[in-house]
Amino acid sequence: VQVGSAGKSGAQVDGNSSLVFRPLVKEQHGVWECTATNPVASVSTATSVHVLGTSPHAVTNVSVLPLLLAANISWEPGFDGGYFQRFSVWYTPLVKHPPRAHHDWVSLSVPVGAQHLLVENLQPDMSYQFSVLAQNKLGSGPFSQIVTSVPRGKRGTPTTVPPEPPAMTVRVFLSPPQALTANETVRGVLLQWEPPAQFSVALSGYALELRQDKGGWEVLDRSIPSTKTQVLVPGLIKDAFYEFRLVAFAGSYISDPSNTVNVSTAGMEVYPSRTQLPELLPQPVLAGVIGGICFLSVAVIFSTVAACIMNRRRAARLRKRRQGRSQLDGR
């Protein structure tokens with residue numbers, strides 16, 4: 001069983017008493033315990049399973065130390081998924097209107113290697129919510145638990161004009177892509193969307209994620225240009241259920257995922273087996289072009305070799321004739 005997991009493990013034990021994960025998903029990362037019991041005694045042993053090639057796990061033990069017009073946030077990193085991870089601290093004041101989504105919060109980047117951050121220029125005697133997000137090259141992990149704290153402040157401290165933020169503070173607002181839709185075509189599924197409604201720095205691109213049959217999310221394409229608002233996805237398997245979503249990139253920041261669209265290929269013909277954008281050649285045409293180039297190359301090589309052989313034979317016959325004439329003249 002997986003230590004600390006209340007749900008189904010998704011693992012099986014085969015005939016050799018081996019623990020088998022099929023398929024292996026991000027949620028199976030952690031400590032697994034095997035227990036053997038008989039009427040005399042019960043023994044157990046534990047091992048750690050590290051699932052590589054995933055987005056980061058959530059940070060833990062987030063704590064907030066209230067300071068004068070500031071707060072110091074610290075945490076313990078989760079597993080990085082096998083890639084370098086970076087962190088950002090998100091915060092928002094608690095007001096009377098409903099809580100805002102994470103992409104409307106203020107985000108502060110954390111220096112590389114740090115596990116704490118000082119958030120300054122807060123209003124005194126106002127409650128703030130804080131959360132930490134880990135990111136690697138495959139995407140964002142889940143937000144940490146939200147911690148609420150009230151910065152300390154002296155009575156009479158002017159709050160109408162807050163102090164100027166430090167020069168190194170970077171505040172980025174990046175909302176997710178909007179209105180993601182999916183339309184089935186003869187060449188695959190055409191996904192279309194609208195750019196984020198709010199972004200304080202220039203967009204650098206999008207990443208497309210998918211999951212099949214409620215499995216784990218995977219990155220299908222992480223290099224979609226920021227100027228594009230559609231992409232064609234072939235290569236889907238027949239009689240399967242797919243979910244797609246988009247995230248936007250702005251420098252080193254990643255937005256929350258867009259809305260999710262569902263695609264079912266039940267009863268459909270199998271789409272082409274390679275993912276390609278609309279402007280690329282269809283596979284049959286591309287295969288014909290490559291085949292024609294290969295045939296012409298072989299024909300040129302064969303013709304060159306044949307010409308060389310014929311020239312050598314012609315030269316040999318001429319030498320024999322000259323030698324025969326020389327012998328006759330000598331007699």
# chains A, B, ... in the order shown; residues from 1 in each chain; ligands from 1
>>> residues_around(residues="stretch 21-34 of chain A", least_positions_apart="2", cutoff="8 Å", atoms="only C-alpha atoms", output="list of chain:residue names")
A:Val1, A:Gln2, A:Val3, A:Ser9, A:Gly10, A:Ala11, A:Gln12, A:Leu19, A:Ala36, A:Ser44, A:Thr45, A:Ala46, A:Thr47, A:Ser48, A:Val49, A:His50, A:Val51, A:Thr54, A:Gly215, A:Gly216
>>> residues_around(residues="stretch 66-74 of chain A", least_positions_apart="6", cutoff="7 Å", atoms="only C-alpha atoms", output="list in words")
Gln115, His116, Leu117, Leu118, Val119, Glu120, Asn121, Leu122, Gln123, Pro124, Ser149, Val150, Pro151, Arg152 and Gly153 of chain A
>>> closest_residue(among="A:Pro176, A:Pro195, A:Gly81, A:Pro56", to="A:Gln135", atoms="only C-alpha atoms")
A:Pro56
>>> decode(residues="stretch 55-158 of chain A", atoms="C-alpha atoms", output="short mmCIF file (atom, residue, chain, number, x, y, z; two decimals), in the first residue's frame")
data_model
loop_
_atom_site.label_atom_id
_atom_site.label_comp_id
_atom_site.auth_asym_id
_atom_site.auth_seq_id
_atom_site.Cartn_x
_atom_site.Cartn_y
_atom_site.Cartn_z
CA SER A 55 5.52 18.29 -13.34
CA PRO A 56 6.63 19.17 -9.79
CA HIS A 57 4.81 18.07 -6.65
CA ALA A 58 3.31 20.61 -4.29
CA VAL A 59 5.54 22.23 -1.69
CA THR A 60 4.80 21.40 1.97
CA ASN A 61 5.01 23.01 5.40
CA VAL A 62 4.30 26.53 4.16
CA SER A 63 4.70 29.01 7.01
CA VAL A 64 4.27 32.78 7.17
CA LEU A 65 6.09 34.98 9.68
CA PRO A 66 4.31 38.34 10.01
CA LEU A 67 6.67 41.32 10.12
CA LEU A 68 6.30 45.09 10.08
CA LEU A 69 4.39 45.81 6.83
CA ALA A 70 5.82 42.57 5.45
CA ALA A 71 5.73 38.80 5.73
CA ASN A 72 8.41 36.13 5.37
CA ILE A 73 7.16 33.00 3.60
CA SER A 74 9.08 29.72 3.83
CA TRP A 75 8.39 26.17 2.65
CA GLU A 76 9.84 22.74 1.96
CA PRO A 77 10.15 21.81 -1.74
CA GLY A 78 8.31 18.78 -3.07
CA PHE A 79 9.78 16.31 -5.56
CA ASP A 80 10.89 18.12 -8.72
CA GLY A 81 9.70 15.45 -11.20
CA GLY A 82 13.26 14.86 -12.40
CA TYR A 83 13.83 18.40 -13.71
CA PHE A 84 15.08 21.70 -12.32
CA GLN A 85 12.23 23.49 -10.55
CA ARG A 86 11.68 27.11 -9.61
CA PHE A 87 9.18 28.70 -7.23
CA SER A 88 6.90 31.70 -7.07
CA VAL A 89 4.95 33.12 -4.14
CA TRP A 90 1.36 34.22 -4.77
CA TYR A 91 -0.62 36.44 -2.44
CA THR A 92 -3.78 38.53 -2.28
CA PRO A 93 -5.52 40.63 0.40
CA LEU A 94 -8.62 39.17 1.99
CA VAL A 95 -11.57 41.39 1.13
CA LYS A 96 -15.29 40.98 1.48
CA HIS A 97 -16.01 39.96 -2.12
CA PRO A 98 -15.61 36.25 -3.06
CA PRO A 99 -12.06 34.83 -3.23
CA ARG A 100 -10.23 35.43 -6.49
CA ALA A 101 -8.73 32.74 -8.66
CA HIS A 102 -4.97 32.22 -8.44
CA HIS A 103 -4.29 33.90 -11.77
CA ASP A 104 -5.67 37.19 -10.33
CA TRP A 105 -3.25 37.11 -7.40
CA VAL A 106 0.07 38.96 -7.26
CA SER A 107 3.01 36.71 -8.14
CA LEU A 108 6.60 37.19 -6.92
CA SER A 109 9.43 35.16 -8.41
CA VAL A 110 11.77 33.42 -5.97
CA PRO A 111 15.57 33.57 -6.49
CA VAL A 112 17.07 30.30 -7.72
CA GLY A 113 17.85 27.94 -4.85
CA ALA A 114 15.89 29.88 -2.20
CA GLN A 115 13.20 28.31 -0.03
CA HIS A 116 11.87 31.52 1.46
CA LEU A 117 10.84 34.97 0.27
CA LEU A 118 10.24 38.30 1.97
CA VAL A 119 7.02 39.95 0.74
CA GLU A 120 7.16 43.67 1.49
CA ASN A 121 4.93 46.73 1.16
CA LEU A 122 1.87 45.08 2.71
CA GLN A 123 -0.92 47.03 4.35
CA PRO A 124 -0.95 46.89 8.16
CA ASP A 125 -3.73 45.09 10.00
CA MET A 126 -5.10 43.54 6.80
CA SER A 127 -5.39 39.79 6.29
CA TYR A 128 -3.48 38.29 3.36
CA GLN A 129 -3.57 34.84 1.79
CA PHE A 130 -0.31 33.24 0.64
CA SER A 131 0.41 30.21 -1.56
CA VAL A 132 3.52 28.78 -3.24
CA LEU A 133 3.72 27.33 -6.77
CA ALA A 134 6.46 25.07 -8.15
CA GLN A 135 7.21 24.90 -11.90
CA ASN A 136 9.58 22.94 -14.13
CA LYS A 137 9.97 22.60 -17.91
CA LEU A 138 6.95 20.29 -18.11
CA GLY A 139 4.57 22.71 -16.43
CA SER A 140 3.21 23.81 -13.08
CA GLY A 141 2.63 21.65 -10.06
CA PRO A 142 -0.39 22.17 -7.79
CA PHE A 143 -0.53 25.22 -5.56
CA SER A 144 0.37 24.66 -1.93
CA GLN A 145 -2.19 24.99 0.81
CA ILE A 146 -3.27 28.61 1.39
CA VAL A 147 -1.96 30.24 4.56
CA THR A 148 -3.58 33.38 6.00
CA SER A 149 -1.59 35.97 7.96
CA VAL A 150 -1.83 39.60 9.10
CA PRO A 151 1.29 41.81 8.80
CA ARG A 152 2.18 43.88 11.84
CA GLY A 153 1.87 47.63 11.63
CA LYS A 154 1.95 50.69 13.89
CA ARG A 155 -1.20 52.62 14.51
CA GLY A 156 -1.17 55.80 12.50
CA THR A 157 0.96 54.36 9.72
CA PRO A 158 -0.28 56.02 6.51
#
